[in-house]
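Input: a single structure, listed below in structure tokens.
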Amino acid sequence: MTAHPAPGTAGAGASGDGHARVVRVNGPLIEVQGLARVAMHDLVEVGAGRLPGEAVGIRGDLATVQAYEYTGGLAPGDPAYPRHEPLSARLGPHLLGGTFDGLLRPLSGAPVWLRPGHAAADDGTSYQFTPEAADGATLREGDRLGSVALPGGVPYRVLVPPGAGGTVTGLRPAGPAGARAVVARVGGTVVRLITSWPVRRPRPFRARADGEVPLLTGQRAVDMLFPLTRGGTAAVPGGFGTGKTVLLQQIAKWCDADVIVYVGCGERGNELAELLAEFAGLTDPRTGGRLADRTVVIANTSNMPMMAREASIYSAATVAEHFRDMGLDAVIIADSTSRWAEALREFASRTGELPAEEGYPAGLASALAAFYERAGRVITSGGGQGSVTIVGAISPAGGDMTEPVTAQTQRFVRCQWSLDRELAYARHYPALSWAGSYSRDAAAVGAWHAREGDPQWTARRARLAGTLAEADRLGALAELMGPGALPPGERVTLLAGRLIREGVLQQSSLSDVDGYCGAARGAALADAVLAAADACQKLAAAGVPAAAIEEEDFTPLLRAREEAPAPAEVGQHRDAMLARLDALAREQGPALGAPS
């Protein structure tokens, strides 16, 4: 992240800029007088340590600067220096496998945010560059100049930057290249291995593509009931202790994206420390190497500066778009957008902005819309296809789903995965509420599954959702009247809902077999439970007492999710359960036929 000038750069102190002085300091909010030619969102450095900040208000020759770092020791009269450029991200192969703060400065070793004014310097790492063009070729923006080999197996491509194009000259030969190495010149534009881009400006693309390919997460409750497409958006609202972070970590581990950008925005530092330690030891199922090698972690915890937290969301979007432009599928996991919104609220209160509902700024909806709008499946400038998918957690105070962040986010996302406190307390993982969740992409995903060899996907989803909804309705009646007052068929429906919850939707993140579930295995589990439910309904219709059906041991069926790693093995558990139900039919008398 560009937040500190290199020696000798134009922005380090242009003529007349050295006369600017700090006139007021209020925590991270600084008022500066005398800045020359400063524009909104320009970087400004203040004090002898050149603390980075951003111009957030201009009134005549008085500029309001919000600092990205701790301002202890800063006093009126200290100098200020405008950079005449917006906050920009350093984009390059160093991102993969790295951990950064909200300004995209590396957090390896001692946290750099503890050292005010520190800027990330190139660490001397070399990358193996392979040219894929030739001198004299005519290229447009987005075309490939070469590639860099990385440990995680991600095909990192060096592209002609946006706005550039023309004849290629001085193409670098194959071999090691440092971060500042010049790769080529394209039409007079110098292309380096590491470039920069303003974080609040979306990167360009040719056109948006249809979003119909699902992002398979390996979590049955998501993939089978509330699917998310590549390039889609999802919100994960849930109160404290409902398992938001665990669910997002599972998606980050197992989803079939090429690159994961995980943003710990305002969360507790110990949670992020555990995440980093866990990621370091995870094996990538694609390559057999480290999963961390294709992950970018942006850690801006609750004890880090508020303004850097506000910028971290935009930094994540810029990084994801950078890999999208290479034709890759990137996923942003934002945990949580509520903490980001709280940073916006604190920032607005310091600048005197008129507060709206619950003290949030009036522009909260616009800020959320601008963030989620950066998701999408697109035709890149180079003609390929790439996507940015955004999954954002929401932490509503007291679990109130009507609070502003949750209510406004629902306007801009395609999916909502609501987490239920009662399910979480019952140790049902993931605690995904089938009544409070939705997916607007289910029809498109169903059509995709039909083309890919599973024409029953849509009917299976409708059957699961319908049974769960009916079981919830009957459960409310059973609490009032007692289950014995219900007809046998309705009691079996209650049983079917329990079997779906325990045999399909429940999933252990700690299980080697069940931590991840592919589409074929998930379909086999669902079909097995539905087959058992149909058999039970036939028994009830044939006159078998509902109590006898409820007392039957369904363990062979429920254990399938933990003991059957392959669809064929799930089928064996299903057949064993159907055989038990067939034996129950024979025990009840020769007049009862065996379930088919």
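So you can find residues: chains in the structure tokens are A, B, ... in the order shown, residues in each start at 1, and ligands are numbered from 1 in order.
Residues within 6 Å of region 411-427 of chain A, counting only C-alpha atoms and excluding same-chain residues fewer than 4 positions away, are Thr233, Ala234, Ala235, Val236, Pro237, Gly238, Thr242, Ala431, Leu432, Ser433, Gly436, Ser437, Tyr438, Ser439 and Arg440 of chain A.
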For region 349-421 of chain A against region 26-50 of chain A, with a cut-off of 12 Å and counting only C-alpha atoms, what is the closest atom pair and its distance in Å to one decimal for every residue that makes the cut, ordered by chain and number, as JSON lines?
```
{"residue": "A:Ser349", "atom": "CA", "partner": "A:Leu29", "partner_atom": "CA", "distance": 10.6}
{"residue": "A:Arg350", "atom": "CA", "partner": "A:Leu29", "partner_atom": "CA", "distance": 7.0}
{"residue": "A:Thr351", "atom": "CA", "partner": "A:Leu29", "partner_atom": "CA", "distance": 7.9}
{"residue": "A:Gly352", "atom": "CA", "partner": "A:Leu29", "partner_atom": "CA", "distance": 11.2}
```
Those selected residues, please, written with all heavy atoms and delivered as a PDB file, in the first residue's frame.
```pdb
ATOM      1  N   SER A 349     -18.769  10.538  13.072  1.00  0.00           N
ATOM      2  CA  SER A 349     -18.964  11.335  14.280  1.00  0.00           C
ATOM      3  C   SER A 349     -17.813  12.311  14.495  1.00  0.00           C
ATOM      4  O   SER A 349     -18.016  13.421  14.994  1.00  0.00           O
ATOM      5  CB  SER A 349     -19.116  10.413  15.489  1.00  0.00           C
ATOM      6  OG  SER A 349     -17.909   9.728  15.756  1.00  0.00           O
ATOM      7  N   ARG A 350     -16.618  11.917  14.128  1.00  0.00           N
ATOM      8  CA  ARG A 350     -15.465  12.804  14.307  1.00  0.00           C
ATOM      9  C   ARG A 350     -15.476  13.961  13.313  1.00  0.00           C
ATOM     10  O   ARG A 350     -14.997  15.047  13.612  1.00  0.00           O
ATOM     11  CB  ARG A 350     -14.172  12.011  14.169  1.00  0.00           C
ATOM     12  CG  ARG A 350     -13.917  11.060  15.325  1.00  0.00           C
ATOM     13  CD  ARG A 350     -12.587  10.344  15.172  1.00  0.00           C
ATOM     14  NE  ARG A 350     -12.319   9.448  16.290  1.00  0.00           N
ATOM     15  CZ  ARG A 350     -11.779   9.806  17.430  1.00  0.00           C
ATOM     16  NH1 ARG A 350     -11.430  11.072  17.613  1.00  0.00           N
ATOM     17  NH2 ARG A 350     -11.570   8.939  18.396  1.00  0.00           N
ATOM     18  N   THR A 351     -16.015  13.715  12.126  1.00  0.00           N
ATOM     19  CA  THR A 351     -16.042  14.772  11.112  1.00  0.00           C
ATOM     20  C   THR A 351     -17.296  15.631  11.203  1.00  0.00           C
ATOM     21  O   THR A 351     -17.454  16.570  10.418  1.00  0.00           O
ATOM     22  CB  THR A 351     -15.953  14.160   9.703  1.00  0.00           C
ATOM     23  OG1 THR A 351     -17.019  13.206   9.524  1.00  0.00           O
ATOM     24  CG2 THR A 351     -14.617  13.446   9.512  1.00  0.00           C
ATOM     25  N   GLY A 352     -18.189  15.312  12.133  1.00  0.00           N
ATOM     26  CA  GLY A 352     -19.391  16.123  12.310  1.00  0.00           C
ATOM     27  C   GLY A 352     -20.482  15.839  11.315  1.00  0.00           C
ATOM     28  O   GLY A 352     -21.408  16.643  11.151  1.00  0.00           O
TER      29      GLY A 352
END
```
*Could you pull the residues within 6 Å of region 388-393 of chain A, counting only C-alpha atoms, minus those fewer than 5 positions along the same chain, as an MDAnalysis selection string?*
chainID A and resid 230:237 330:337 375:376
*What lies within 12 Å of Thr467 (chain A) using only C-alpha atoms, ignoring chain neighbours under 3 positions off, as number ranges by chain?*
A: 434-435, 460-464, 470-475, 490, 492-501, 526, 529-530, 533-534
Write out, as an mmCIF file, in the first residue's frame, the residues just selected, with N, CA, C and O atoms.
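Resulting contents of result.cif:
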```cif
data_model
loop_
_atom_site.group_PDB
_atom_site.id
_atom_site.type_symbol
_atom_site.label_atom_id
_atom_site.label_comp_id
_atom_site.auth_asym_id
_atom_site.auth_seq_id
_atom_site.Cartn_x
_atom_site.Cartn_y
_atom_site.Cartn_z
ATOM 1 N N TRP A 434 -32.826 -22.488 8.142
ATOM 2 C CA TRP A 434 -33.489 -22.702 6.852
ATOM 3 C C TRP A 434 -34.712 -21.825 6.705
ATOM 4 O O TRP A 434 -35.175 -21.604 5.585
ATOM 5 N N ALA A 435 -35.223 -21.280 7.825
ATOM 6 C CA ALA A 435 -36.377 -20.385 7.742
ATOM 7 C C ALA A 435 -35.963 -18.950 7.455
ATOM 8 O O ALA A 435 -36.705 -18.203 6.811
ATOM 9 N N ARG A 460 -34.847 -32.053 -5.606
ATOM 10 C CA ARG A 460 -34.332 -32.473 -4.301
ATOM 11 C C ARG A 460 -34.302 -31.292 -3.336
ATOM 12 O O ARG A 460 -34.696 -31.427 -2.170
ATOM 13 N N ARG A 461 -33.844 -30.150 -3.815
ATOM 14 C CA ARG A 461 -33.801 -28.965 -2.962
ATOM 15 C C ARG A 461 -35.210 -28.581 -2.515
ATOM 16 O O ARG A 461 -35.438 -28.261 -1.334
ATOM 17 N N ALA A 462 -36.160 -28.601 -3.437
ATOM 18 C CA ALA A 462 -37.539 -28.238 -3.094
ATOM 19 C C ALA A 462 -38.114 -29.219 -2.067
ATOM 20 O O ALA A 462 -38.825 -28.812 -1.132
ATOM 21 N N ARG A 463 -37.777 -30.490 -2.218
ATOM 22 C CA ARG A 463 -38.282 -31.498 -1.274
ATOM 23 C C ARG A 463 -37.678 -31.278 0.115
ATOM 24 O O ARG A 463 -38.386 -31.348 1.136
ATOM 25 N N LEU A 464 -36.376 -31.034 0.186
ATOM 26 C CA LEU A 464 -35.744 -30.793 1.482
ATOM 27 C C LEU A 464 -36.317 -29.551 2.155
ATOM 28 O O LEU A 464 -36.676 -29.574 3.344
ATOM 29 N N GLU A 470 -42.498 -27.740 6.644
ATOM 30 C CA GLU A 470 -43.666 -28.411 7.203
ATOM 31 C C GLU A 470 -43.369 -28.956 8.596
ATOM 32 O O GLU A 470 -44.212 -28.899 9.493
ATOM 33 N N ALA A 471 -42.149 -29.460 8.799
ATOM 34 C CA ALA A 471 -41.785 -29.959 10.125
ATOM 35 C C ALA A 471 -41.761 -28.834 11.150
ATOM 36 O O ALA A 471 -42.158 -29.020 12.311
ATOM 37 N N ASP A 472 -41.300 -27.663 10.741
ATOM 38 C CA ASP A 472 -41.317 -26.516 11.658
ATOM 39 C C ASP A 472 -42.755 -26.149 12.033
ATOM 40 O O ASP A 472 -43.055 -25.851 13.199
ATOM 41 N N ARG A 473 -43.635 -26.174 11.061
ATOM 42 C CA ARG A 473 -45.040 -25.836 11.341
ATOM 43 C C ARG A 473 -45.658 -26.854 12.286
ATOM 44 O O ARG A 473 -46.334 -26.500 13.262
ATOM 45 N N LEU A 474 -45.418 -28.124 12.023
ATOM 46 C CA LEU A 474 -45.983 -29.164 12.877
ATOM 47 C C LEU A 474 -45.327 -29.172 14.245
ATOM 48 O O LEU A 474 -45.966 -29.520 15.249
ATOM 49 N N GLY A 475 -44.050 -28.798 14.303
ATOM 50 C CA GLY A 475 -43.376 -28.738 15.588
ATOM 51 C C GLY A 475 -44.010 -27.723 16.515
ATOM 52 O O GLY A 475 -44.111 -27.946 17.734
ATOM 53 N N GLU A 490 -48.348 -36.908 9.910
ATOM 54 C CA GLU A 490 -47.704 -35.671 10.342
ATOM 55 C C GLU A 490 -46.589 -35.950 11.352
ATOM 56 O O GLU A 490 -45.567 -35.250 11.359
ATOM 57 N N VAL A 492 -44.726 -38.561 11.235
ATOM 58 C CA VAL A 492 -43.620 -39.022 10.391
ATOM 59 C C VAL A 492 -42.950 -37.831 9.707
ATOM 60 O O VAL A 492 -41.723 -37.827 9.508
ATOM 61 N N THR A 493 -43.714 -36.817 9.351
ATOM 62 C CA THR A 493 -43.111 -35.614 8.769
ATOM 63 C C THR A 493 -42.182 -34.939 9.764
ATOM 64 O O THR A 493 -41.099 -34.455 9.405
ATOM 65 N N LEU A 494 -42.602 -34.889 11.048
ATOM 66 C CA LEU A 494 -41.705 -34.365 12.078
ATOM 67 C C LEU A 494 -40.424 -35.186 12.160
ATOM 68 O O LEU A 494 -39.322 -34.637 12.288
ATOM 69 N N LEU A 495 -40.559 -36.509 12.059
ATOM 70 C CA LEU A 495 -39.391 -37.383 12.081
ATOM 71 C C LEU A 495 -38.500 -37.120 10.871
ATOM 72 O O LEU A 495 -37.268 -37.051 10.988
ATOM 73 N N ALA A 496 -39.104 -36.933 9.704
ATOM 74 C CA ALA A 496 -38.330 -36.660 8.494
ATOM 75 C C ALA A 496 -37.544 -35.367 8.618
ATOM 76 O O ALA A 496 -36.379 -35.276 8.182
ATOM 77 N N GLY A 497 -38.144 -34.327 9.223
ATOM 78 C CA GLY A 497 -37.414 -33.085 9.439
ATOM 79 C C GLY A 497 -36.200 -33.288 10.318
ATOM 80 O O GLY A 497 -35.126 -32.723 10.067
ATOM 81 N N ARG A 498 -36.360 -34.120 11.385
ATOM 82 C CA ARG A 498 -35.216 -34.389 12.265
ATOM 83 C C ARG A 498 -34.119 -35.144 11.519
ATOM 84 O O ARG A 498 -32.924 -34.854 11.674
ATOM 85 N N LEU A 499 -34.501 -36.110 10.685
ATOM 86 C CA LEU A 499 -33.507 -36.874 9.927
ATOM 87 C C LEU A 499 -32.752 -35.974 8.945
ATOM 88 O O LEU A 499 -31.537 -36.122 8.757
ATOM 89 N N ILE A 500 -33.446 -35.036 8.311
ATOM 90 C CA ILE A 500 -32.776 -34.111 7.393
ATOM 91 C C ILE A 500 -31.806 -33.220 8.151
ATOM 92 O O ILE A 500 -30.669 -32.996 7.725
ATOM 93 N N ARG A 501 -32.231 -32.723 9.311
ATOM 94 C CA ARG A 501 -31.355 -31.846 10.095
ATOM 95 C C ARG A 501 -30.102 -32.585 10.554
ATOM 96 O O ARG A 501 -28.986 -32.063 10.446
ATOM 97 N N ALA A 526 -28.678 -36.841 0.899
ATOM 98 C CA ALA A 526 -30.047 -36.329 0.866
ATOM 99 C C ALA A 526 -31.010 -37.369 0.317
ATOM 100 O O ALA A 526 -32.107 -37.566 0.862
ATOM 101 N N VAL A 529 -31.763 -40.069 2.973
ATOM 102 C CA VAL A 529 -32.689 -39.630 4.016
ATOM 103 C C VAL A 529 -34.110 -39.532 3.465
ATOM 104 O O VAL A 529 -35.081 -39.946 4.114
ATOM 105 N N LEU A 530 -34.255 -39.000 2.251
ATOM 106 C CA LEU A 530 -35.592 -38.884 1.664
ATOM 107 C C LEU A 530 -36.186 -40.252 1.368
ATOM 108 O O LEU A 530 -37.405 -40.457 1.504
ATOM 109 N N ALA A 533 -37.459 -41.474 4.600
ATOM 110 C CA ALA A 533 -38.691 -40.756 4.951
ATOM 111 C C ALA A 533 -39.884 -41.295 4.159
ATOM 112 O O ALA A 533 -40.993 -41.460 4.712
ATOM 113 N N ASP A 534 -39.683 -41.596 2.877
ATOM 114 C CA ASP A 534 -40.766 -42.166 2.063
ATOM 115 C C ASP A 534 -41.192 -43.531 2.608
ATOM 116 O O ASP A 534 -42.389 -43.850 2.657
#
```
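The shell of residues at most 10 Å from Glu552 (chain A), with only C-alpha atoms counted and near chain neighbours (fewer than 2 positions) removed, consists of Ala547, Ala548, Ile549, Glu550, Phe554, Thr555, Met577, Arg580, Leu581 and Leu584 of chain A.
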Expected answer as a PDB file with C-alpha atoms, in the first residue's frame: strand (DSSP E) residues in region 263-342 of chain A:
```
ATOM      1  CA  VAL A 263     -10.298  -9.890   5.768  1.00  0.00           C
ATOM      2  CA  GLY A 264     -10.339  -9.879   9.553  1.00  0.00           C
ATOM      3  CA  CYS A 265     -11.973  -6.478   9.912  1.00  0.00           C
ATOM      4  CA  THR A 295      -4.562 -17.098   0.371  1.00  0.00           C
ATOM      5  CA  VAL A 296      -4.160 -13.386   1.124  1.00  0.00           C
ATOM      6  CA  VAL A 297      -4.930 -12.478   4.751  1.00  0.00           C
ATOM      7  CA  ILE A 298      -5.691  -8.854   5.647  1.00  0.00           C
ATOM      8  CA  ALA A 299      -5.656  -8.563   9.427  1.00  0.00           C
ATOM      9  CA  ASN A 300      -7.024  -5.334  10.834  1.00  0.00           C
ATOM     10  CA  ASP A 329     -11.953 -16.879  -9.435  1.00  0.00           C
ATOM     11  CA  ALA A 330     -11.352 -14.926  -6.233  1.00  0.00           C
ATOM     12  CA  VAL A 331     -13.420 -14.957  -3.037  1.00  0.00           C
ATOM     13  CA  ILE A 332     -13.460 -12.202  -0.422  1.00  0.00           C
ATOM     14  CA  ILE A 333     -14.310 -13.387   3.091  1.00  0.00           C
ATOM     15  CA  ALA A 334     -15.081 -10.268   5.161  1.00  0.00           C
ATOM     16  CA  ASP A 335     -15.377 -10.860   8.903  1.00  0.00           C
TER      17      ASP A 335
END
```
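Minimum atom-to-atom distances from A:Ala478, A:Gly503, A:Leu558, A:Gly489 to Pro545 (chain A) were compared using only C-alpha atoms, and the lowest value belongs to A:Gly489.
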